[in-house]
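These notes are about the structure you will find just below.
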Amino acid sequence: MTDPILFEHGFRTTRPPRPVYCHQEFLDKLAARRTESVGKRASLMLQRMAVDISRLHYKSTTGLNRGWRRSRLGGSSGSHFYAWWAPANAAPLKDAGVQAESDAIFLRDIRHHDDHAPLAPGHSANDYLLLTVPDLRGSEYAPEPWTSSQARFARSHGTARILKGHPGSGKTTALLHAADSSQAERVLYLTFSQDLAALARDYFDRFCSNTRTFTVLTYPGFLSQLLGGQTGLADPAEARAQFRRDLFKHQRSLGVWSNHIDALYDEMYAHLIGAAVPESAGRFPKAERMRLPENAYRSQRTRSLGSAADSVLEAARRLERMSDAPLADRYFPELALAWRAAQALTSGSRQVESTFLDYGCIAVDEVQDLTPLEAFVVLTLARRYSAGRGAASLLLAGDEAQTVRPTDFEWAWLNDMLHAMIGPPQEFKLTANLRSPRRIADVVNRVWDLYDYLHKQDRPSGTGYAEIDDDGPDQILYAAVPRAELSPLLSSLSAHEGLALIAFDKENLPSEILPFVLSPAEAKGLDFHSICVLNGGSLLRHIVDDRASAAVDILARRLAIDQLRVALSRPTERLLWIDAAPEAAMVKEVGRLLRPPTEIALHPITAEALLTCLEEEDLDLEDRLQRCQKDARQLLSVKPDLAWSRAHQAVGLLGLPGDLNRVTDPAARDATYLLLAEVCFQLGFRKKSLSPELGRLDLYQHAAEAARSARKFLLASAMEAVGAAEQSQGQDRLNRIAFAVQEITQAREE
C-alpha cells in the first residue's frame, strides 16, 4: 500500500522536475503491460525523465519519423519494446504546433522494435496528460517501477538493512528509494562516485519532498566535512609511490614480499591499518594507535598468509623507525582521516560537526569499498543519533565481489560489527542483472568461476550467477593486434562516442592514449554503450596462473577478479576486448571466458576487422550526439580532458550553416551547447586543470560563449560574473561576488 503522507496537498520538490506529458495511447499500452517487466521499466523511465533526462539511453529515428527518440524497455523471447518520445521543441511536436514548457518531454507510444510506421504527434491539449511527481510516485497511471526485492528492502522497518546485489541489479535505484521511504527528516547519503552523487542529488531534489533534508556526499567529502574541513595530509597516489621508494632499498629484507611491494601496500591498507578501530567492534579489538595490534594482526592473517604475516609486521616496524609520523599519515592518508573521525565520534569530541549527529537515516552505496575502520565511522555516527532517539536507520548496499579499492571486504565482518554496535541486520538480495543484455551478462556471470583459483576462505560469499532479465541485442568482439598497431587502433577507438577504454594496468599502454583510459575504479558506477577492455588477457593469465605466490598474491588476485567483474558489467550493448601480441595460452583463456562453454571459443579478429565492425554501425548524428553528451557528463570528475574533448566533439557534430548533414533540431543543438557550457563551468569552478596540450583556456569565458550559442544570455552573464569573482582578489573580490549574486538571481530561470 502506498504511504499516504507522500501525497499530501501541496507536495513540493526542492527543484522543479522536468514536465512529463503522456499520450493516451502510451498510457493505454502501459496499463496493458503493467504486470510485465516492460511496464516496470517504462515506469522507471518516466521517473528518470522527471529527474534527469541526460542519463537516459535512446536511439534516434529517420525518415518520416525523424525527431522521435526511442528508449529500450526490454522484453523476452525475441519481443523487444521501445518507448517513443520527444522533447517539446523537437521537429514532430514543433511542426504540429504542440505548445508546452520548453523543457517538457512528450511520451507518444510503446512499440515493438520492428514497428516504424509513421507516428503522428497528436495535440497537447486533447491527447496528452501531464504527470506530476505525485502522479509518478503513485500507481494510478503506471505500475511501481521497483522489483519485489527492491520494494521489500525499501519498506522494511529494520534499523540496519543490507542490500546485496550483482552488477547491474539495481542496487542504487533501490537505495535511493529506501532512503526516501525512510521518512526521516534528515537523510545522509554516501557514495564513492561523483557521478552517482550527482544522480542522488537530482533524485532527492526533483522527486522527493522539500520539507525534508537530503545531504549527498562522496565518502572522502563526508570525512572531511565531519571533521570541519580537515583533509588527508598526503595525496593517496603520491603516498603509495612514497611507500615504494622508502622500501625499495630494503627489498631483500622483505622476505616473500621483496618483489611484491604493491601487494604489501594493499595488505597493510586492508588489514594492518584499515582494520584498526579505536574501540572493540565485533571481531576487531581496540587499537591504541593507527594500526592493528600485532597479536591481533597475526591471529587474523596467519591463516591466509602463514609466515608472510610476520614479514608484514617487520616491514611496518622498519617504516616506523624512519619517521616519528604515524604510518597512516605518511602512506594511507584516507585511512588516517577515517581514524581521526572515528576517534572524534567515540570520544564525544566537539571537533565533530554537530549537524552530522542529527541524521535519522544514513544510506551508503558501494559499501564493499569501505575498510573496517571506514565502516566503523558510519556505524558510530548512526549509533550517536541525537537526543537519545536510538540508532539512525542504516541502509547499506553493495556487492562483496565488486571491490575496486584494496579492502578485502567480507559481509561476515560487517555483520559482526553491526551486531556489536547497532543490532542484527536484515538482509535483502537482488538476483537479476537489469543492465546487461544476455551475452554480456553471461560473461559477467562466468567471471565468478575465477574465484575457484583462490582458497575457499579467500573467496566472496554467496553465488555470482545473476538472473538475466534482458534478451536485447548485444555484441562481443575480441581482437588480438601486433604492438605496432595498438597505438593507432586505440587512437581511433578513443574518438568513438559512447565507448570507454578500461585498463587494469596502464604501464604498457602508449603514452598518448593514457588521458583517454579509465581504471576500473574510475569506471565504477558508470555505464556506456560500449566498453573496450585493454590487455585483460595478461590479468586473466595472472589470475589462473598456478605459479602465482599463494602467500602474497591472495589479495591482488581477489582484487583483480573483482575489478574484472566491474569492468565487464559497464556496457549496455557492446563489449570489446583487445590484447596486444598475446601468447597462444592467453588467447585460449580469453576466448573461453567470452563464449559459453557449450559454444566454440571466441577467436580473435584483426584491428582492421574490429574497426570495420564499428563503422558498419552507421549511427545517426543524433545518436552520436547523445553518446557524446552522456560521456562528457559521466567523465567530468574522473577524466576532465576526455570530458572536455567529448563536449567539443558533440558541438563539432552539429555542423555549420549550409552543411548538408547539419543537425537542424533546435532542441538537440541547444542541449549540446548547454552541455559544453556545463562541462567548462564545472571544470573552472572545481579548479580542474586541463592538459597544457589543450591550451590555457579561460573556462568561464568558454562556458559563457557556449551558453550564448544555446540562447541562454542571462546564464552566460552569470557564468562570466562567477568567473570574474573567482579570479579576483581583495576588496575587488567582494564587489565581484556581490555582482555575481545579482547575475545569478536574474538568470535563475535559465
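Lettering and numbering for the C-alpha cells are positional, with chains as A, B, ... in the shown order, residues counted from 1 in each chain, and ligands counted from 1 in the shown order.
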Query raised in the report: Any idea what's packed within 10 Å of segment 407-413 of chain A, counting only C-alpha atoms, ignoring anything in its chain fewer than 5 positions away? Could you give it as a count of residues only?
Result: 37
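Using only C-alpha atoms, the residues found no farther than 10 Å from segment 725-735 of chain A, other than those of its own chain fewer than 3 positions away, are Gly684, Phe685, Lys687, Tyr700, Met719, Glu720, Ala721, Val722, Ala738, Phe739, Ala740 and Val741 of chain A.
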Query raised in the report: Hey, what's within 12 Å of Arg318 of chain A if we count only C-alpha atoms and toss same-chain stuff fewer than 2 positions away? As a list in words, please?
Result: Phe243, Asp246, Leu247, Lys249, His250, Gln251, Ser253, Leu254, Ser311, Val312, Leu313, Glu314, Ala315, Ala316, Glu320, Arg321, Met322, Ser323, Asp324 and Leu327 of chain A
Query - DSSP alpha helix (DSSP H) residues within segment 184-289 of chain A, listed as a PyMOL selection string - result: chain A and resi 194-207+219-226+236-248+261-267
Requested in this report: Fewer than 6 positions away in the same chain doesn't count, so skip those; otherwise give me all residues within 12 Å of Pro167 of chain A, counting only C-alpha atoms, as a ChimeraX atom specification.
Outcome: /A:366,397-403,430-436,440-445,447-448,464-468,524-527,562-572
Query raised in the report: Could you pull out the strand (DSSP E or B) residues of segment 278-491 of chain A from DSSP and send them as a PyMOL selection string?
Result: chain A and resi 281+284+286+289+291+361-364+393-398+426-430+432-433+467-468+475-481
Query raised in the report: In Å, how far is it from atom CA of Arg330 of chain A to atom CA of Ala263 of chain A?
Result: 17.5 Å
Query - All residues 9 Å or closer to Glu25 of chain A, only C-alpha atoms, same chain fewer than 6 positions away omitted, as a ChimeraX atom specification - result: /A:108-110,127
Report task. Using only C-alpha atoms, pick whichever of A:Arg201, A:Arg212, A:Arg244, A:Arg736 has the shortest atom-to-atom distance to Ser182 of chain A. Result ->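 Result for the nearest residue to Ser182 of chain A: A:Arg212.
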Query raised in the report: Closest to Leu381 of chain A among A:Phe222, A:Tyr265, A:Phe428, A:Phe516, using only C-alpha atoms?
Result: A:Phe222
**Report entry** Near-Val98 of chain A list (9 Å; only C-alpha atoms; drop same-chain fewer than 5 positions) as a list in words
**Finding:** Ala88, Asn89, Pro92, Leu93, Pro121, Gly122, His123, Ser124 and Ala125 of chain A
**Report entry** Shortest interatomic distance to Asp52 of chain A - which of A:Phe106, A:Tyr141, A:Tyr219, A:Phe204, counting only C-alpha atoms
**Finding:** A:Phe204
Report task. Compare A:Ser60, A:Glu622, A:Leu44, A:Ala160 by their minimum atom-to-atom distance to Leu136 of chain A, counting only C-alpha atoms, and give me the closest one. Result ->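 Between A:Ser60, A:Glu622, A:Leu44, A:Ala160, the residue approaching Leu136 of chain A most closely is A:Leu44.
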Query raised in the report: For Thr159 of chain A, which of A:Asp545, A:Asp449, A:Asp665, A:Glu427 is the closest residue, counting only C-alpha atoms?
Result: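 When distances to Thr159 of chain A are compared using only C-alpha atoms, the smallest one comes from A:Glu427.
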Query raised in the report: Could you work out how far atom CA of Thr191 of chain A lies from atom CA of Gln629 of chain A, giving the answer in Å with one decimal?
Result: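 Between these atoms lies a distance of 23.1 Å.
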Query raised in the report: How far is it from atom CA of Trp257 of chain A to atom CA of Val552 of chain A, in Å with one decimal?
Result: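 One can read the atom CA of Trp257 of chain A to atom CA of Val552 of chain A distance as 6.6 Å.
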**Report entry** Polymer residues at most 6 Å from segment 130-132 of chain A, only C-alpha atoms, same-chain spacing of 2 or more positions, as a list of chain:residue names
**Finding:**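 Final neighbour list, sorted by chain and number: A:Val20, A:Tyr21, A:Pro134, A:Asp135.
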Using all heavy atoms, can you export the residues from the last selection as a PDB file, in the first residue's frame?
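Result saved to out37.pdb:
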ATOM      1  N   VAL A  20       6.534  16.032 -17.671  1.00  0.00           N
ATOM      2  CA  VAL A  20       6.409  14.795 -18.440  1.00  0.00           C
ATOM      3  C   VAL A  20       4.953  14.638 -18.887  1.00  0.00           C
ATOM      4  O   VAL A  20       4.051  14.513 -18.051  1.00  0.00           O
ATOM      5  CB  VAL A  20       6.843  13.574 -17.603  1.00  0.00           C
ATOM      6  CG1 VAL A  20       6.629  12.292 -18.393  1.00  0.00           C
ATOM      7  CG2 VAL A  20       8.297  13.705 -17.181  1.00  0.00           C
ATOM      8  N   TYR A  21       4.716  14.671 -20.205  1.00  0.00           N
ATOM      9  CA  TYR A  21       3.377  14.520 -20.774  1.00  0.00           C
ATOM     10  C   TYR A  21       3.265  13.146 -21.438  1.00  0.00           C
ATOM     11  O   TYR A  21       4.159  12.735 -22.178  1.00  0.00           O
ATOM     12  CB  TYR A  21       3.108  15.612 -21.819  1.00  0.00           C
ATOM     13  CG  TYR A  21       2.954  16.997 -21.253  1.00  0.00           C
ATOM     14  CD1 TYR A  21       4.069  17.817 -21.051  1.00  0.00           C
ATOM     15  CD2 TYR A  21       1.696  17.498 -20.925  1.00  0.00           C
ATOM     16  CE1 TYR A  21       3.932  19.100 -20.533  1.00  0.00           C
ATOM     17  CE2 TYR A  21       1.550  18.791 -20.416  1.00  0.00           C
ATOM     18  CZ  TYR A  21       2.674  19.572 -20.220  1.00  0.00           C
ATOM     19  OH  TYR A  21       2.528  20.845 -19.711  1.00  0.00           O
ATOM     20  N   PRO A 134       3.681  13.663  -7.777  1.00  0.00           N
ATOM     21  CA  PRO A 134       2.764  12.767  -7.039  1.00  0.00           C
ATOM     22  C   PRO A 134       2.145  11.690  -7.930  1.00  0.00           C
ATOM     23  O   PRO A 134       1.946  10.558  -7.487  1.00  0.00           O
ATOM     24  CB  PRO A 134       1.699  13.738  -6.499  1.00  0.00           C
ATOM     25  CG  PRO A 134       2.430  15.024  -6.332  1.00  0.00           C
ATOM     26  CD  PRO A 134       3.372  15.083  -7.499  1.00  0.00           C
ATOM     27  N   ASP A 135       1.851  12.021  -9.199  1.00  0.00           N
ATOM     28  CA  ASP A 135       1.330  11.004 -10.128  1.00  0.00           C
ATOM     29  C   ASP A 135       2.371   9.904 -10.355  1.00  0.00           C
ATOM     30  O   ASP A 135       2.042   8.714 -10.361  1.00  0.00           O
ATOM     31  CB  ASP A 135       0.977  11.640 -11.486  1.00  0.00           C
ATOM     32  CG  ASP A 135      -0.207  12.582 -11.399  1.00  0.00           C
ATOM     33  OD1 ASP A 135      -1.098  12.343 -10.564  1.00  0.00           O
ATOM     34  OD2 ASP A 135      -0.228  13.557 -12.172  1.00  0.00           O
TER      35      ASP A 135
END
